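The block underneath contains the structure these notes are about, expressed in structure tokens.
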Amino acid sequence: MTHILVAGGGIGGLAAALGQARSGHRVTVLEGRPRFAEIGAGIQLAPNAFHALAALGVRDAVAGRADFIDELRFMDGMSGEQVTAMPLTGGYRARFGNPYAVVHRADLHRALLDGCRDAGVELIGGQRVTGYEQSGGHVTVSTAAGERFRAEVLLGADGLRSAVREQLVGDGPPRISGHTIYRSVIPMSEVPEELRTRSVTLWAGPSRHFVHYPIGGGDYLNLAATRDDGADTEITGAPATRDHVLSEFAGLDDSARRLLELGRDWRVWVLCDRDPVETWVDGRVALAGDAAHPMLQYAAQGACMALEDAVTLGTVLRCDPADVPQRLEKYNGVRRERTARTTLTARWMGSELYHPARGRAAARNTLLAGHSVDDLHDVVSWLHGATDFSTL
């Protein structure tokens, strides 16, 4: 049995811990906050996420808290016309082997946390990892609380501003995207009947877009509105006034505007990611999730990629402790290209699909409208399809 330390108790860290516990290892998770909890609102889970959740043994727990989506709708946010829609039932589920769903981040986190507890994972709060040392087949980590922990492996899943990444990669602060997102969750009972759908609906406009979908068993509507405004300073969850949000999205179609006007208790973030790098591995230390490949939300794959990382790590580390460094290199090689492609695709989608104006927007609409349902499924097949974890 190998003892594995995981830095970070968010979605990526708990998934990584659960993957290792299910492979028979002793696992300790070190979380910087006193309690293991998740903030935020809705999160989208494509079929590839459900394949990973099944491998982690928590698919049913997550599915029981999820809202299954019938279609992805792409709307012209200025004219109000539907540009295209991708059905997510029938042929989509048959092709990709699982549904497409949305879930509250806290519900996904809770399912993983319960899974870790059931699997005997040691969960220690108030221990933010600040660095590590390696010697004699072991890794020793230091924490901000002045404690030291020793194991044979360290998995850095400590997020966008990962201390483990800073030591391993040393690429400085994350890249500020220049995009600002405003988020709100409202009771579905406040939404007019004619505006309720079982879809993820995106309204695309010049330098802005607005997404909404049901969460919480359909009891709530998740609102996320993004401006490509050149923001150059990080903001994380600061409050925003209703008047400010509405002023930032002037000109959107009446239906989109009616939903925006329902939002309250808005919170604002400035979106960040990082450029892909060649390696996330240093001997017995590896990165996972946002610590390895933070990405913008436009491909809706950040959590999905973290879950895939967890299953991959759980598979490759079914080995003798002496073989850990080589097996982590295997993990790096398997995951690098896929996550880099996803990161760059997310950036491209934000620029070329969600935010064009005038002639570029018209060309985008013509392109998307010309795709059949099968064409649309072909476009996402590399991303939404299952990963075969059994051959690693």
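Each chain in the structure tokens gets a letter, A, B and so on, in the order shown; residues start at 1 in every chain, and ligands are counted from 1 in the order they appear.
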Give me the residues within 8 Å of A:Gly10 as a ChimeraX atom specification, counting only C-alpha atoms and dropping any in the same chain fewer than 6 places off. /A:36-38,109,157-158
Could the residues in this selection be written to a file with C-alpha atoms, as a PDB file, in the first residue's frame?
```pdb
ATOM      1  CA  PHE A  36     -14.222  20.849   3.332  1.00  0.00           C
ATOM      2  CA  ALA A  37     -16.795  22.815   1.354  1.00  0.00           C
ATOM      3  CA  GLU A  38     -17.377  24.151  -2.165  1.00  0.00           C
ATOM      4  CA  HIS A 109     -18.326  18.202  -4.144  1.00  0.00           C
ATOM      5  CA  ALA A 157      -4.673  19.612  -6.705  1.00  0.00           C
ATOM      6  CA  ASP A 158      -4.551  22.974  -4.969  1.00  0.00           C
TER       7      ASP A 158
END
```
Every residue of stretch 86-312 of chain A that DSSP places in helix (DSSP H, G or I), as an MDAnalysis selection string: chainID A and resid 90:96 105:118 163:168 188:190 193:195 242:248 254:262 289:291 297:299 302:312
When DSSP is applied to the backbone of this structure, which of stretch 5-207 of chain A are assigned strand (DSSP E or B)? Write them out as a VMD selection string. chain A and resid 5 to 7 26 to 30 42 to 45 67 to 68 71 to 76 82 to 87 101 to 104 122 to 124 129 to 135 138 to 143 148 to 151 153 to 156 175 to 187 199 to 205
Under the rule of at most 8 Å, produce a per-residue listing of stretch 32-98 of chain A near stretch 303-324 of chain A: chain, number, name, the closest pair of atoms, and the distance in Å, as CSV, using only C-alpha atoms.
```
residue,atom,partner,partner_atom,distance
A:Ile43,CA,A:Ala303,CA,7.9
A:Leu45,CA,A:Cys304,CA,6.5
A:Ala46,CA,A:Cys304,CA,7.3
A:Asn48,CA,A:Cys304,CA,6.8
A:Ala49,CA,A:Cys304,CA,4.7
A:Ala52,CA,A:Glu308,CA,5.6
A:Leu53,CA,A:Leu307,CA,7.0
A:Ala55,CA,A:Val311,CA,6.7
A:Leu56,CA,A:Val311,CA,6.8
```
Let's have the selection written as a compact mmCIF listing (two decimals), in the first residue's frame, with N, CA, C and O atoms.
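Done, and the output landed in part.txt:
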```txt
# COMPACT_ATOMS: atom_id res chain seq x y z
N ILE A 43 -22.56 23.83 -12.58
CA ILE A 43 -21.45 23.29 -13.33
C ILE A 43 -22.00 22.27 -14.32
O ILE A 43 -22.95 21.54 -14.01
N LEU A 45 -21.74 18.95 -16.79
CA LEU A 45 -21.06 17.66 -16.85
C LEU A 45 -21.45 16.94 -18.13
O LEU A 45 -22.59 16.51 -18.29
N ALA A 46 -20.50 16.83 -19.06
CA ALA A 46 -20.71 16.10 -20.31
C ALA A 46 -20.54 14.60 -20.05
O ALA A 46 -20.12 14.20 -18.96
N ASN A 48 -18.30 12.51 -20.82
CA ASN A 48 -16.98 12.08 -20.37
C ASN A 48 -16.82 12.22 -18.86
O ASN A 48 -16.13 11.43 -18.21
N ALA A 49 -17.48 13.22 -18.26
CA ALA A 49 -17.45 13.35 -16.80
C ALA A 49 -18.16 12.18 -16.13
O ALA A 49 -17.69 11.65 -15.12
N ALA A 52 -16.05 9.12 -16.02
CA ALA A 52 -15.06 9.21 -14.95
C ALA A 52 -15.71 9.01 -13.58
O ALA A 52 -15.17 8.31 -12.72
N LEU A 53 -16.87 9.61 -13.37
CA LEU A 53 -17.58 9.44 -12.09
C LEU A 53 -17.94 7.98 -11.85
O LEU A 53 -17.90 7.51 -10.71
N ALA A 55 -16.20 5.41 -12.90
CA ALA A 55 -14.96 4.75 -12.50
C ALA A 55 -14.58 5.06 -11.06
O ALA A 55 -13.96 4.25 -10.38
N LEU A 56 -15.00 6.24 -10.57
CA LEU A 56 -14.73 6.63 -9.19
C LEU A 56 -15.77 6.10 -8.22
O LEU A 56 -15.63 6.26 -7.00
```
Nearest candidate to A:Arg150 (options A:Ala291, A:Val277, A:Ile4, A:Ile69; using only C-alpha atoms): A:Ile4
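Of the listed residues (A:His293, A:Arg165, A:His212, A:Arg284), A:Arg284 comes nearest to A:Glu329; the distances count only C-alpha atoms.
As for atom CA of A:Leu328 and atom CA of A:Val285, they are spaced 7.9 Å apart.
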